Amino acid sequence: MLMPPYHGVSLNADAPSMLDRLGRIADAAKISILVVNALLSGVTLTMSFLVRLPREMPRFSYFNVEVPFAAAKPRTLTDAGGEAILGPFDGEEAIAMMPDLDAGASATMPGALLPDLLRPVIDHHTRGRRREAALPVVN
């Protein structure tokens with residue numbers, strides 16, 4: 001899992017230098033890589049850039065989307081990237097998980113928050129049981 005190179009608000013890497021750096025990482029990696037698209041990085045990753053990554057470097061096939069109005073992004077990403085996008089994930093500590101799942105997210109990145117409570121939501125949603133996914137979990 002990685003974010004784009006970040007050197008402060010005024011020192012952002014451009015797309016060619018990010019592609020170069022990410023290409024070197026992909027060449028060295030032996031596993032799939034999840035790209036974090038978060039405002040925290042200070043770098044804007046456009047949809048065209050995100051779609052380009054897995055087409056040119058298949059190791060980059062998972063994405064954690066943590067940007068405003070993220071619920072539209074998983075569907076847009078998978079529609080544009082097709083089979084190259086294996087996992088668009090919900091970000092933001094699962095706050096918008098249901099809309100993100102509805103929009104095509106395949107998982108969530110909740111940090112350490114309540115994974116035992118979030119797992120049934122994803123399981124129900126994956127099996128097409130949205131109503132059950134939306135119900136509160138009671139132990």
# chains A, B, ... in the order shown; residues from 1 in each chain; ligands from 1
call {"tool": "select_by_dssp", "arguments": {"residues": "region 28-136 of chain A", "states": "alpha helix (DSSP H)", "output": "PyMOL selection string"}}
result
chain A and resi 28+47-56+73-81+97-102+115-126+130-134
call {"tool": "write_last_selection", "arguments": {"atoms": "C-alpha atoms", "output": "PDB file, in the first residue's frame"}}
result
ATOM      1  CA  ALA A  28      10.805  -4.434  -7.642  1.00  0.00           C
ATOM      2  CA  MET A  47      -9.136   9.341 -12.780  1.00  0.00           C
ATOM      3  CA  SER A  48      -7.210   9.035 -16.043  1.00  0.00           C
ATOM      4  CA  PHE A  49      -3.957   8.605 -14.083  1.00  0.00           C
ATOM      5  CA  LEU A  50      -5.510   5.924 -11.840  1.00  0.00           C
ATOM      6  CA  VAL A  51      -6.874   4.029 -14.848  1.00  0.00           C
ATOM      7  CA  ARG A  52      -3.537   4.283 -16.648  1.00  0.00           C
ATOM      8  CA  LEU A  53      -1.584   2.699 -13.766  1.00  0.00           C
ATOM      9  CA  PRO A  54      -2.933  -0.875 -13.931  1.00  0.00           C
ATOM     10  CA  ARG A  55      -2.958  -0.870 -17.720  1.00  0.00           C
ATOM     11  CA  GLU A  56       0.755  -0.029 -17.840  1.00  0.00           C
ATOM     12  CA  LYS A  73     -15.280   7.024  -7.717  1.00  0.00           C
ATOM     13  CA  PRO A  74     -15.309   3.184  -7.451  1.00  0.00           C
ATOM     14  CA  ARG A  75     -17.870   2.815 -10.231  1.00  0.00           C
ATOM     15  CA  THR A  76     -16.129   5.412 -12.398  1.00  0.00           C
ATOM     16  CA  LEU A  77     -12.794   3.698 -11.806  1.00  0.00           C
ATOM     17  CA  THR A  78     -14.050   0.200 -12.643  1.00  0.00           C
ATOM     18  CA  ASP A  79     -16.074   1.434 -15.630  1.00  0.00           C
ATOM     19  CA  ALA A  80     -13.027   3.205 -17.060  1.00  0.00           C
ATOM     20  CA  GLY A  81     -10.405   0.627 -16.058  1.00  0.00           C
ATOM     21  CA  MET A  97     -19.029   2.390   3.155  1.00  0.00           C
ATOM     22  CA  MET A  98     -22.590   1.611   2.039  1.00  0.00           C
ATOM     23  CA  PRO A  99     -22.709   4.238  -0.747  1.00  0.00           C
ATOM     24  CA  ASP A 100     -19.203   3.190  -1.788  1.00  0.00           C
ATOM     25  CA  LEU A 101     -20.218  -0.496  -1.888  1.00  0.00           C
ATOM     26  CA  ASP A 102     -23.286   0.500  -3.906  1.00  0.00           C
ATOM     27  CA  PRO A 115     -13.540  -4.940  11.521  1.00  0.00           C
ATOM     28  CA  ASP A 116     -15.718  -7.554  13.214  1.00  0.00           C
ATOM     29  CA  LEU A 117     -18.751  -5.300  12.737  1.00  0.00           C
ATOM     30  CA  LEU A 118     -17.892  -4.226   9.199  1.00  0.00           C
ATOM     31  CA  ARG A 119     -17.239  -7.698   7.783  1.00  0.00           C
ATOM     32  CA  PRO A 120     -20.911  -8.808   7.893  1.00  0.00           C
ATOM     33  CA  VAL A 121     -21.904  -5.623   6.045  1.00  0.00           C
ATOM     34  CA  ILE A 122     -19.515  -6.434   3.200  1.00  0.00           C
ATOM     35  CA  ASP A 123     -20.515 -10.124   3.194  1.00  0.00           C
ATOM     36  CA  HIS A 124     -24.234  -9.294   2.937  1.00  0.00           C
ATOM     37  CA  HIS A 125     -23.661  -6.605   0.319  1.00  0.00           C
ATOM     38  CA  THR A 126     -21.476  -8.907  -1.819  1.00  0.00           C
ATOM     39  CA  ARG A 130     -28.287  -4.809   0.771  1.00  0.00           C
ATOM     40  CA  ARG A 131     -31.148  -4.614   3.258  1.00  0.00           C
ATOM     41  CA  GLU A 132     -29.354  -6.980   5.623  1.00  0.00           C
ATOM     42  CA  ALA A 133     -26.094  -5.109   5.042  1.00  0.00           C
ATOM     43  CA  ALA A 134     -27.748  -1.875   6.176  1.00  0.00           C
TER      44      ALA A 134
END
call {"tool": "closest_residue", "arguments": {"among": "A:Leu2, A:Ile85, A:Met57, A:Val36", "to": "Arg24 (chain A)", "atoms": "only C-alpha atoms"}}
result
A:Met57
call {"tool": "select_by_dssp", "arguments": {"residues": "chain A", "states": "strand (DSSP E)", "output": "list of chain:residue names"}}
result
A:Ile33, A:Leu34, A:Val35, A:Val36, A:Asn37, A:Ala38, A:Phe60, A:Ser61, A:Tyr62, A:Phe63, A:Asn64, A:Val65, A:Glu66, A:Gly87, A:Pro88, A:Phe89, A:Asp90, A:Ala107, A:Thr108
call {"tool": "write_last_selection", "arguments": {"atoms": "C-alpha atoms", "output": "tab-separated table (two decimals), in the first residue's frame"}}
result
chain	number	residue	atom	x	y	z
A	33	ILE	CA	0.12	-2.88	-4.79
A	34	LEU	CA	-2.74	-0.80	-3.42
A	35	VAL	CA	-2.58	2.91	-4.29
A	36	VAL	CA	-4.01	5.31	-1.72
A	37	ASN	CA	-5.76	8.24	-3.37
A	38	ALA	CA	-6.05	10.62	-0.41
A	60	PHE	CA	-1.20	-1.54	-9.40
A	61	SER	CA	-4.69	-3.01	-9.45
A	62	TYR	CA	-6.09	-2.00	-6.06
A	63	PHE	CA	-7.12	1.50	-5.03
A	64	ASN	CA	-8.19	3.06	-1.75
A	65	VAL	CA	-10.24	6.15	-2.57
A	66	GLU	CA	-10.23	8.75	0.20
A	87	GLY	CA	-10.18	-3.76	-6.02
A	88	PRO	CA	-11.57	-0.29	-5.61
A	89	PHE	CA	-11.79	0.14	-1.83
A	90	ASP	CA	-13.83	2.52	0.29
A	107	ALA	CA	-13.90	-3.64	0.34
A	108	THR	CA	-13.19	-0.97	2.92
call {"tool": "atom_distance", "arguments": {"atom1": "CA of Ala94 (chain A)", "atom2": "CA of Pro110 (chain A)"}}
result
5.3 Å
call {"tool": "atom_distance", "arguments": {"atom1": "CA of Ala96 (chain A)", "atom2": "CA of Ala13 (chain A)"}}
result
28.8 Å
call {"tool": "residues_around", "arguments": {"residues": "Ala29 (chain A)", "least_positions_apart": "6", "cutoff": "12 Å", "atoms": "only C-alpha atoms", "output": "ChimeraX atom specification"}}
result
/A:1,22-23,57-60
call {"tool": "write_last_selection", "arguments": {"atoms": "N, CA, C and O atoms", "output": "mmCIF file, in the first residue's frame"}}
result
data_model
loop_
_atom_site.group_PDB
_atom_site.id
_atom_site.type_symbol
_atom_site.label_atom_id
_atom_site.label_comp_id
_atom_site.auth_asym_id
_atom_site.auth_seq_id
_atom_site.Cartn_x
_atom_site.Cartn_y
_atom_site.Cartn_z
ATOM 1 N N MET A 1 0.853 -1.157 0.000
ATOM 2 C CA MET A 1 0.000 0.000 0.000
ATOM 3 C C MET A 1 0.904 1.225 0.000
ATOM 4 O O MET A 1 1.855 1.300 0.776
ATOM 5 N N LEU A 22 6.661 5.018 -9.563
ATOM 6 C CA LEU A 22 5.784 3.869 -9.375
ATOM 7 C C LEU A 22 6.212 2.698 -10.247
ATOM 8 O O LEU A 22 6.095 1.541 -9.850
ATOM 9 N N GLY A 23 6.724 2.992 -11.443
ATOM 10 C CA GLY A 23 7.227 1.929 -12.308
ATOM 11 C C GLY A 23 8.396 1.194 -11.675
ATOM 12 O O GLY A 23 8.488 -0.032 -11.749
ATOM 13 N N MET A 57 1.072 -0.939 -15.619
ATOM 14 C CA MET A 57 1.791 -1.649 -14.555
ATOM 15 C C MET A 57 0.779 -2.489 -13.777
ATOM 16 O O MET A 57 0.186 -2.018 -12.808
ATOM 17 N N PRO A 58 0.541 -3.720 -14.199
ATOM 18 C CA PRO A 58 -0.518 -4.541 -13.616
ATOM 19 C C PRO A 58 -0.418 -4.763 -12.104
ATOM 20 O O PRO A 58 -1.417 -5.106 -11.483
ATOM 21 N N ARG A 59 0.734 -4.562 -11.509
ATOM 22 C CA ARG A 59 0.831 -4.715 -10.042
ATOM 23 C C ARG A 59 -0.054 -3.704 -9.322
ATOM 24 O O ARG A 59 -0.455 -3.912 -8.202
ATOM 25 N N PHE A 60 -0.332 -2.564 -9.981
ATOM 26 C CA PHE A 60 -1.205 -1.541 -9.404
ATOM 27 C C PHE A 60 -2.638 -1.815 -9.826
ATOM 28 O O PHE A 60 -3.116 -1.299 -10.824
#
call {"tool": "atom_distance", "arguments": {"atom1": "CA of Ala26 (chain A)", "atom2": "CA of Glu93 (chain A)"}}
result
26.8 Å
call {"tool": "decode", "arguments": {"residues": "region 21-99 of chain A", "atoms": "C-alpha atoms", "output": "PDB file, in the first residue's frame"}}
result
ATOM      1  CA  ARG A  21       8.783   6.196  -9.445  1.00  0.00           C
ATOM      2  CA  LEU A  22       5.784   3.869  -9.375  1.00  0.00           C
ATOM      3  CA  GLY A  23       7.227   1.929 -12.308  1.00  0.00           C
ATOM      4  CA  ARG A  24      10.421   1.299 -10.356  1.00  0.00           C
ATOM      5  CA  ILE A  25       8.372   0.139  -7.370  1.00  0.00           C
ATOM      6  CA  ALA A  26       6.271  -2.162  -9.579  1.00  0.00           C
ATOM      7  CA  ASP A  27       9.428  -3.655 -11.111  1.00  0.00           C
ATOM      8  CA  ALA A  28      10.805  -4.434  -7.642  1.00  0.00           C
ATOM      9  CA  ALA A  29       7.564  -5.651  -6.084  1.00  0.00           C
ATOM     10  CA  LYS A  30       6.559  -9.286  -6.063  1.00  0.00           C
ATOM     11  CA  ILE A  31       2.979  -8.632  -4.937  1.00  0.00           C
ATOM     12  CA  SER A  32       0.021  -6.474  -5.956  1.00  0.00           C
ATOM     13  CA  ILE A  33       0.121  -2.881  -4.791  1.00  0.00           C
ATOM     14  CA  LEU A  34      -2.739  -0.799  -3.418  1.00  0.00           C
ATOM     15  CA  VAL A  35      -2.581   2.911  -4.290  1.00  0.00           C
ATOM     16  CA  VAL A  36      -4.008   5.309  -1.716  1.00  0.00           C
ATOM     17  CA  ASN A  37      -5.757   8.239  -3.374  1.00  0.00           C
ATOM     18  CA  ALA A  38      -6.047  10.620  -0.414  1.00  0.00           C
ATOM     19  CA  LEU A  39      -6.020  14.371  -0.029  1.00  0.00           C
ATOM     20  CA  LEU A  40      -3.591  13.863   2.835  1.00  0.00           C
ATOM     21  CA  SER A  41      -0.874  13.159   0.278  1.00  0.00           C
ATOM     22  CA  GLY A  42      -1.180  16.644  -1.168  1.00  0.00           C
ATOM     23  CA  VAL A  43      -1.131  15.087  -4.649  1.00  0.00           C
ATOM     24  CA  THR A  44      -4.186  14.936  -6.901  1.00  0.00           C
ATOM     25  CA  LEU A  45      -4.482  11.624  -8.709  1.00  0.00           C
ATOM     26  CA  THR A  46      -6.828  12.093 -11.637  1.00  0.00           C
ATOM     27  CA  MET A  47      -9.136   9.341 -12.780  1.00  0.00           C
ATOM     28  CA  SER A  48      -7.210   9.035 -16.043  1.00  0.00           C
ATOM     29  CA  PHE A  49      -3.957   8.605 -14.083  1.00  0.00           C
ATOM     30  CA  LEU A  50      -5.510   5.924 -11.840  1.00  0.00           C
ATOM     31  CA  VAL A  51      -6.874   4.029 -14.848  1.00  0.00           C
ATOM     32  CA  ARG A  52      -3.537   4.283 -16.648  1.00  0.00           C
ATOM     33  CA  LEU A  53      -1.584   2.699 -13.766  1.00  0.00           C
ATOM     34  CA  PRO A  54      -2.933  -0.875 -13.931  1.00  0.00           C
ATOM     35  CA  ARG A  55      -2.958  -0.870 -17.720  1.00  0.00           C
ATOM     36  CA  GLU A  56       0.755  -0.029 -17.840  1.00  0.00           C
ATOM     37  CA  MET A  57       1.791  -1.649 -14.555  1.00  0.00           C
ATOM     38  CA  PRO A  58      -0.518  -4.541 -13.616  1.00  0.00           C
ATOM     39  CA  ARG A  59       0.831  -4.715 -10.042  1.00  0.00           C
ATOM     40  CA  PHE A  60      -1.205  -1.541  -9.404  1.00  0.00           C
ATOM     41  CA  SER A  61      -4.691  -3.007  -9.452  1.00  0.00           C
ATOM     42  CA  TYR A  62      -6.094  -2.003  -6.057  1.00  0.00           C
ATOM     43  CA  PHE A  63      -7.120   1.495  -5.033  1.00  0.00           C
ATOM     44  CA  ASN A  64      -8.190   3.056  -1.748  1.00  0.00           C
ATOM     45  CA  VAL A  65     -10.238   6.149  -2.574  1.00  0.00           C
ATOM     46  CA  GLU A  66     -10.231   8.755   0.204  1.00  0.00           C
ATOM     47  CA  VAL A  67     -11.354  11.929  -1.508  1.00  0.00           C
ATOM     48  CA  PRO A  68     -14.489  14.107  -1.239  1.00  0.00           C
ATOM     49  CA  PHE A  69     -17.515  12.580  -2.915  1.00  0.00           C
ATOM     50  CA  ALA A  70     -15.729   9.238  -3.057  1.00  0.00           C
ATOM     51  CA  ALA A  71     -18.954   7.276  -3.546  1.00  0.00           C
ATOM     52  CA  ALA A  72     -18.939   7.942  -7.286  1.00  0.00           C
ATOM     53  CA  LYS A  73     -15.280   7.024  -7.717  1.00  0.00           C
ATOM     54  CA  PRO A  74     -15.309   3.184  -7.451  1.00  0.00           C
ATOM     55  CA  ARG A  75     -17.870   2.815 -10.231  1.00  0.00           C
ATOM     56  CA  THR A  76     -16.129   5.412 -12.398  1.00  0.00           C
ATOM     57  CA  LEU A  77     -12.794   3.698 -11.806  1.00  0.00           C
ATOM     58  CA  THR A  78     -14.050   0.200 -12.643  1.00  0.00           C
ATOM     59  CA  ASP A  79     -16.074   1.434 -15.630  1.00  0.00           C
ATOM     60  CA  ALA A  80     -13.027   3.205 -17.060  1.00  0.00           C
ATOM     61  CA  GLY A  81     -10.405   0.627 -16.058  1.00  0.00           C
ATOM     62  CA  GLY A  82     -12.370  -2.546 -16.669  1.00  0.00           C
ATOM     63  CA  GLU A  83     -10.764  -5.807 -15.635  1.00  0.00           C
ATOM     64  CA  ALA A  84      -7.470  -4.073 -14.805  1.00  0.00           C
ATOM     65  CA  ILE A  85      -9.093  -2.738 -11.617  1.00  0.00           C
ATOM     66  CA  LEU A  86      -9.319  -5.635  -9.168  1.00  0.00           C
ATOM     67  CA  GLY A  87     -10.180  -3.760  -6.015  1.00  0.00           C
ATOM     68  CA  PRO A  88     -11.569  -0.293  -5.613  1.00  0.00           C
ATOM     69  CA  PHE A  89     -11.790   0.140  -1.829  1.00  0.00           C
ATOM     70  CA  ASP A  90     -13.828   2.516   0.292  1.00  0.00           C
ATOM     71  CA  GLY A  91     -11.699   4.826   2.416  1.00  0.00           C
ATOM     72  CA  GLU A  92     -12.546   7.347   5.111  1.00  0.00           C
ATOM     73  CA  GLU A  93     -12.712   4.820   7.954  1.00  0.00           C
ATOM     74  CA  ALA A  94     -15.845   3.198   6.472  1.00  0.00           C
ATOM     75  CA  ILE A  95     -17.937   6.337   7.068  1.00  0.00           C
ATOM     76  CA  ALA A  96     -19.350   6.159   3.527  1.00  0.00           C
ATOM     77  CA  MET A  97     -19.029   2.390   3.155  1.00  0.00           C
ATOM     78  CA  MET A  98     -22.590   1.611   2.039  1.00  0.00           C
ATOM     79  CA  PRO A  99     -22.709   4.238  -0.747  1.00  0.00           C
TER      80      PRO A  99
END
